$ cat run32.pdb   # PDB, C-alpha atoms, pLDDT in the B column
ATOM      1  CA  MET J   1      -7.352  20.288  -3.475  1.00 96.00           C
ATOM      2  CA  TYR J   2      -7.037  17.652  -6.199  1.00 98.00           C
ATOM      3  CA  THR J   3      -7.049  13.901  -5.511  1.00 98.00           C
ATOM      4  CA  LEU J   4      -5.976  11.124  -7.839  1.00 97.00           C
ATOM      5  CA  ALA J   5      -6.520   7.504  -6.805  1.00 98.00           C
ATOM      6  CA  VAL J   6      -5.277   4.270  -8.346  1.00 98.00           C
ATOM      7  CA  ARG J   7      -6.090   0.727  -7.190  1.00 98.00           C
ATOM      8  CA  ARG J   8      -4.345  -2.594  -7.410  1.00 98.00           C
ATOM      9  CA  ASP J   9      -5.275  -5.964  -5.982  1.00 98.00           C
ATOM     10  CA  PHE J  10      -2.993  -8.845  -5.083  1.00 98.00           C
ATOM     11  CA  ILE J  11      -2.850 -11.916  -2.891  1.00 98.00           C
ATOM     12  CA  ALA J  12      -0.246 -12.233  -0.141  1.00 98.00           C
ATOM     13  CA  ARG J  13       0.224 -14.557   2.811  1.00 98.00           C
ATOM     14  CA  HIS J  14       1.010 -13.923   6.456  1.00 98.00           C
ATOM     15  CA  PHE J  15       0.511 -15.153   9.998  1.00 98.00           C
ATOM     16  CA  LEU J  16       0.067 -12.911  13.015  1.00 97.00           C
ATOM     17  CA  ILE J  17       2.412 -13.049  16.003  1.00 95.00           C
ATOM     18  CA  GLY J  18       2.401 -11.834  19.594  1.00 92.00           C
ATOM     19  CA  GLY J  19      -1.111 -12.836  20.632  1.00 94.00           C
ATOM     20  CA  ASP J  20      -3.885 -15.357  20.353  1.00 96.00           C
ATOM     21  CA  TRP J  21      -5.375 -14.403  16.989  1.00 94.00           C
ATOM     22  CA  GLY J  22      -7.074 -17.737  16.333  1.00 96.00           C
ATOM     23  CA  PRO J  23      -6.754 -18.881  12.722  1.00 96.00           C
ATOM     24  CA  GLU J  24      -4.680 -15.769  11.899  1.00 96.00           C
ATOM     25  CA  ASN J  25      -1.811 -17.275  13.963  1.00 97.00           C
ATOM     26  CA  PHE J  26      -1.365 -19.783  11.141  1.00 98.00           C
ATOM     27  CA  PRO J  27      -0.274 -19.093   7.572  1.00 98.00           C
ATOM     28  CA  ASN J  28      -3.187 -17.756   5.556  1.00 97.00           C
ATOM     29  CA  SER J  29      -3.720 -15.579   2.520  1.00 97.00           C
ATOM     30  CA  HIS J  30      -5.656 -12.390   1.901  1.00 98.00           C
ATOM     31  CA  HIS J  31      -6.872 -10.845  -1.321  1.00 98.00           C
ATOM     32  CA  TYR J  32      -5.670  -7.306  -0.633  1.00 98.00           C
ATOM     33  CA  VAL J  33      -6.949  -4.236  -2.445  1.00 98.00           C
ATOM     34  CA  LEU J  34      -4.584  -1.280  -2.257  1.00 98.00           C
ATOM     35  CA  GLU J  35      -5.918   2.170  -3.082  1.00 98.00           C
ATOM     36  CA  LEU J  36      -3.261   4.827  -3.454  1.00 98.00           C
ATOM     37  CA  GLN J  37      -4.575   8.385  -3.055  1.00 98.00           C
ATOM     38  CA  LEU J  38      -2.409  11.344  -4.041  1.00 98.00           C
ATOM     39  CA  GLN J  39      -3.404  14.915  -3.192  1.00 98.00           C
ATOM     40  CA  GLY J  40      -2.075  18.304  -4.134  1.00 98.00           C
ATOM     41  CA  ASN J  41      -3.178  21.900  -4.588  1.00 98.00           C
ATOM     42  CA  GLU J  42      -1.789  22.512  -8.067  1.00 96.00           C
ATOM     43  CA  LEU J  43      -1.711  20.760 -11.426  1.00 96.00           C
ATOM     44  CA  ASP J  44       1.352  20.614 -13.639  1.00 93.00           C
ATOM     45  CA  GLN J  45       1.694  22.416 -16.994  1.00 93.00           C
ATOM     46  CA  HIS J  46      -0.248  19.572 -18.675  1.00 93.00           C
ATOM     47  CA  GLY J  47      -3.204  19.791 -16.297  1.00 95.00           C
ATOM     48  CA  TYR J  48      -2.187  16.706 -14.326  1.00 95.00           C
ATOM     49  CA  LEU J  49      -1.660  16.266 -10.621  1.00 96.00           C
ATOM     50  CA  VAL J  50       0.884  13.561 -11.356  1.00 96.00           C
ATOM     51  CA  ASP J  51       1.976  11.383 -14.260  1.00 95.00           C
ATOM     52  CA  ILE J  52      -0.404   8.425 -13.855  1.00 96.00           C
ATOM     53  CA  VAL J  53       1.853   6.184 -15.967  1.00 96.00           C
ATOM     54  CA  ASP J  54       4.657   6.729 -13.447  1.00 97.00           C
ATOM     55  CA  VAL J  55       2.271   6.131 -10.532  1.00 98.00           C
ATOM     56  CA  GLU J  56       1.004   2.888 -12.067  1.00 98.00           C
ATOM     57  CA  LYS J  57       4.563   1.695 -12.775  1.00 98.00           C
ATOM     58  CA  ASN J  58       5.609   2.267  -9.175  1.00 98.00           C
ATOM     59  CA  LEU J  59       2.407   0.771  -7.802  1.00 98.00           C
ATOM     60  CA  ASP J  60       2.870  -2.338  -9.954  1.00 98.00           C
ATOM     61  CA  GLU J  61       6.481  -2.746  -8.805  1.00 98.00           C
ATOM     62  CA  VAL J  62       5.506  -2.483  -5.130  1.00 98.00           C
ATOM     63  CA  THR J  63       2.537  -4.845  -5.355  1.00 98.00           C
ATOM     64  CA  ASP J  64       4.502  -7.325  -7.506  1.00 98.00           C
ATOM     65  CA  TYR J  65       7.125  -7.490  -4.724  1.00 98.00           C
ATOM     66  CA  TYR J  66       4.456  -8.744  -2.266  1.00 98.00           C
ATOM     67  CA  LYS J  67       2.311 -10.777  -4.668  1.00 98.00           C
ATOM     68  CA  GLU J  68       2.020 -14.432  -3.562  1.00 98.00           C
ATOM     69  CA  GLN J  69       4.697 -13.845  -0.895  1.00 98.00           C
ATOM     70  CA  MET J  70       4.779 -14.587   2.852  1.00 98.00           C
ATOM     71  CA  LEU J  71       4.914 -11.145   4.488  1.00 98.00           C
ATOM     72  CA  ASN J  72       6.577 -12.557   7.614  1.00 98.00           C
ATOM     73  CA  GLU J  73       9.614 -13.472   5.507  1.00 98.00           C
ATOM     74  CA  LYS J  74      10.143  -9.972   4.090  1.00 98.00           C
ATOM     75  CA  PRO J  75      12.920  -7.983   5.822  1.00 98.00           C
ATOM     76  CA  GLU J  76      10.692  -4.932   6.383  1.00 98.00           C
ATOM     77  CA  PHE J  77       8.472  -7.072   8.637  1.00 98.00           C
ATOM     78  CA  ASN J  78      11.400  -8.328  10.742  1.00 97.00           C
ATOM     79  CA  GLY J  79      10.257  -8.058  14.367  1.00 93.00           C
ATOM     80  CA  LEU J  80       6.854  -6.665  13.319  1.00 97.00           C
ATOM     81  CA  ASN J  81       3.454  -8.240  13.402  1.00 97.00           C
ATOM     82  CA  PRO J  82       2.341  -8.265   9.736  1.00 98.00           C
ATOM     83  CA  SER J  83      -0.915  -6.570  10.679  1.00 98.00           C
ATOM     84  CA  LEU J  84      -3.058  -4.686   8.227  1.00 98.00           C
ATOM     85  CA  GLU J  85      -1.972  -1.412   9.860  1.00 98.00           C
ATOM     86  CA  ASN J  86       1.760  -2.170   9.625  1.00 98.00           C
ATOM     87  CA  PHE J  87       1.358  -3.322   6.030  1.00 98.00           C
ATOM     88  CA  ALA J  88      -0.474  -0.095   5.079  1.00 98.00           C
ATOM     89  CA  ARG J  89       2.361   1.980   6.610  1.00 98.00           C
ATOM     90  CA  ILE J  90       5.067  -0.036   4.851  1.00 98.00           C
ATOM     91  CA  LEU J  91       3.293   0.307   1.502  1.00 98.00           C
ATOM     92  CA  ALA J  92       2.735   4.058   1.957  1.00 98.00           C
ATOM     93  CA  THR J  93       6.355   4.649   2.953  1.00 98.00           C
ATOM     94  CA  SER J  94       7.660   2.673  -0.009  1.00 98.00           C
ATOM     95  CA  LEU J  95       5.384   4.441  -2.499  1.00 98.00           C
ATOM     96  CA  ASN J  96       6.228   7.838  -1.013  1.00 98.00           C
ATOM     97  CA  GLN J  97       9.940   7.194  -1.641  1.00 97.00           C
ATOM     98  CA  ARG J  98       9.281   6.164  -5.249  1.00 97.00           C
ATOM     99  CA  ILE J  99       6.786   8.773  -6.458  1.00 97.00           C
ATOM    100  CA  LYS J 100       8.715  11.994  -7.027  1.00 92.00           C
ATOM    101  CA  ALA J 101       6.010  14.423  -8.231  1.00 92.00           C
ATOM    102  CA  LYS J 102       6.739  17.796  -6.641  1.00 91.00           C
ATOM    103  CA  ASN J 103       3.148  19.023  -6.369  1.00 94.00           C
ATOM    104  CA  ILE J 104       1.940  16.083  -4.237  1.00 97.00           C
ATOM    105  CA  THR J 105       1.245  17.214  -0.668  1.00 98.00           C
ATOM    106  CA  THR J 106      -0.311  14.029   0.717  1.00 98.00           C
ATOM    107  CA  LEU J 107       0.055  10.368  -0.101  1.00 98.00           C
ATOM    108  CA  LYS J 108      -2.390   7.908   1.447  1.00 98.00           C
ATOM    109  CA  VAL J 109      -2.685   4.143   1.196  1.00 98.00           C
ATOM    110  CA  VAL J 110      -6.007   2.498   2.003  1.00 98.00           C
ATOM    111  CA  LEU J 111      -5.463  -1.246   2.241  1.00 98.00           C
ATOM    112  CA  TRP J 112      -8.433  -3.629   2.251  1.00 98.00           C
ATOM    113  CA  GLU J 113      -7.872  -7.108   3.677  1.00 96.00           C
ATOM    114  CA  ASN J 114     -11.381  -8.304   2.835  1.00 94.00           C
ATOM    115  CA  ASP J 115     -14.789  -6.824   2.028  1.00 93.00           C
ATOM    116  CA  SER J 116     -15.253  -5.355   5.494  1.00 96.00           C
ATOM    117  CA  ALA J 117     -11.813  -4.528   6.941  1.00 96.00           C
ATOM    118  CA  TRP J 118      -9.287  -1.888   5.913  1.00 98.00           C
ATOM    119  CA  ALA J 119      -6.513   0.238   7.367  1.00 98.00           C
ATOM    120  CA  SER J 120      -4.876   3.354   6.016  1.00 98.00           C
ATOM    121  CA  TYR J 121      -1.677   5.301   6.447  1.00 98.00           C
ATOM    122  CA  MET J 122      -1.066   8.875   5.307  1.00 98.00           C
ATOM    123  CA  VAL J 123       2.219  10.636   4.585  1.00 98.00           C
ATOM    124  CA  GLN J 124       2.399  14.431   4.538  1.00 98.00           C
ATOM    125  CA  ARG J 125       5.045  15.729   2.162  1.00 95.00           C
TER     126      ARG J 125
END
$ encode --input "run32.pdb" --output "structure tokens"
Amino acid sequence: MYTLAVRRDFIARHFLIGGDWGPENFPNSHHYVLELQLQGNELDQHGYLVDIVDVEKNLDEVTDYYKEQMLNEKPEFNGLNPSLENFARILATSLNQRIKAKNITTLKVVLWENDSAWASYMVQR
């Protein structure tokens, strides 16, 4: 199985809801690092798993949408705690809808919130 990974970093703001999360209950920012991993069993006629230019374009569009924004104010977080886990799922779902390569079997987002904490979400295609 082949794997291609691309990273982007961005800063976004949020505050957690539904519990006593200490300072995280108040607006704060994180320097997120998103690693998108794409897997598949076969390469295309050019020897690529996927067109990396297309992947980077879609990844830039998705991260630009969240860059310097308050996650709590985005419609996809309506009624959701903007946790690292929920954010990883939302990012993976959005990227899965955008990236159309037919030979991709798995799409995974690993989202780092800081140097020691990350969450991931995987989509089987």
$ resolve_selection --input "run32.pdb" --expression "the PyMOL selection byres ((chain J and resi 14) around 12)" --output "ChimeraX atom specification"
/J:11-13,15-17,23-32,66-74,77,80-84,87,113
$ atom_distance --input "run32.pdb" --atom1 "atom CA of Lys108 of chain J" --atom2 "atom CA of Val6 of chain J"
10.8 Å
$ closest_residue --input "run32.pdb" --among "J:Val123, J:Val33, J:Ile104, J:Val62" --to "Arg89 of chain J" --atoms "only C-alpha atoms"
J:Val123
$ atom_distance --input "run32.pdb" --atom1 "atom CA of Tyr2 of chain J" --atom2 "atom CA of Asn41 of chain J"
6.0 Å
$ atom_distance --input "run32.pdb" --atom1 "atom CA of Lys57 of chain J" --atom2 "atom CA of Pro75 of chain J"
22.6 Å
$ closest_residue --input "run32.pdb" --among "J:Ala119, J:Leu38, J:Leu91, J:Val55" --to "Thr106 of chain J" --atoms "all atoms listed in the file"
J:Leu38
$ residues_around --input "run32.pdb" --residues "Ala88 of chain J" --least-positions-apart "6" --cutoff "7 Å" --atoms "only C-alpha atoms" --output "JSON, numbers by chain"
{"J": [109, 110, 111, 119, 120, 121]}
$ write_last_selection --input "run32.pdb" --atoms "C-alpha atoms" --output "compact mmCIF listing (two decimals), in the frame of the given file"
# COMPACT_ATOMS: atom_id res chain seq x y z
CA VAL J 109 -2.68 4.14 1.20
CA VAL J 110 -6.01 2.50 2.00
CA LEU J 111 -5.46 -1.25 2.24
CA ALA J 119 -6.51 0.24 7.37
CA SER J 120 -4.88 3.35 6.02
CA TYR J 121 -1.68 5.30 6.45
$ closest_residue --input "run32.pdb" --among "J:Gln124, J:Ser116, J:Asn103, J:Thr3" --to "Gln45 of chain J" --atoms "all atoms listed in the file"
J:Asn103
$ resolve_selection --input "run32.pdb" --expression "the PyMOL selection byres ((chain J and resi 8) around 10)" --output "list in words"
Val6, Arg7, Asp9, Phe10, Tyr32, Val33, Leu34, Glu35, Leu36, Glu56, Leu59, Asp60, Thr63 and Leu111 of chain J
$ write_last_selection --input "run32.pdb" --atoms "C-alpha atoms" --output "compact mmCIF listing (two decimals), keeping the file's coordinate frame"
# COMPACT_ATOMS: atom_id res chain seq x y z
CA VAL J 6 -5.28 4.27 -8.35
CA ARG J 7 -6.09 0.73 -7.19
CA ASP J 9 -5.28 -5.96 -5.98
CA PHE J 10 -2.99 -8.85 -5.08
CA TYR J 32 -5.67 -7.31 -0.63
CA VAL J 33 -6.95 -4.24 -2.44
CA LEU J 34 -4.58 -1.28 -2.26
CA GLU J 35 -5.92 2.17 -3.08
CA LEU J 36 -3.26 4.83 -3.45
CA GLU J 56 1.00 2.89 -12.07
CA LEU J 59 2.41 0.77 -7.80
CA ASP J 60 2.87 -2.34 -9.95
CA THR J 63 2.54 -4.84 -5.36
CA LEU J 111 -5.46 -1.25 2.24
$ closest_residue --input "run32.pdb" --among "J:Asn78, J:Asn114, J:Gln37, J:Asn58" --to "Lys100 of chain J" --atoms "all atoms listed in the file"
J:Asn58
$ closest_residue --input "run32.pdb" --among "J:Ile99, J:Val50, J:Leu107, J:Ala5" --to "Met122 of chain J" --atoms "all atoms listed in the file"
J:Leu107
$ axis_aligned_box --input "run32.pdb" --around "segment 76-82 of chain J" --padding-each-side "8 Å" --output "lines of an AutoDock Vina configuration file"
center_x = 6.9
center_y = -6.6
center_z = 10.4
size_x = 25.1
size_y = 19.4
size_z = 24.0
$ closest_residue --input "run32.pdb" --among "J:Ala101, J:Val53, J:Leu95, J:Ala117" --to "Gln39 of chain J" --atoms "all atoms listed in the file"
J:Ala101
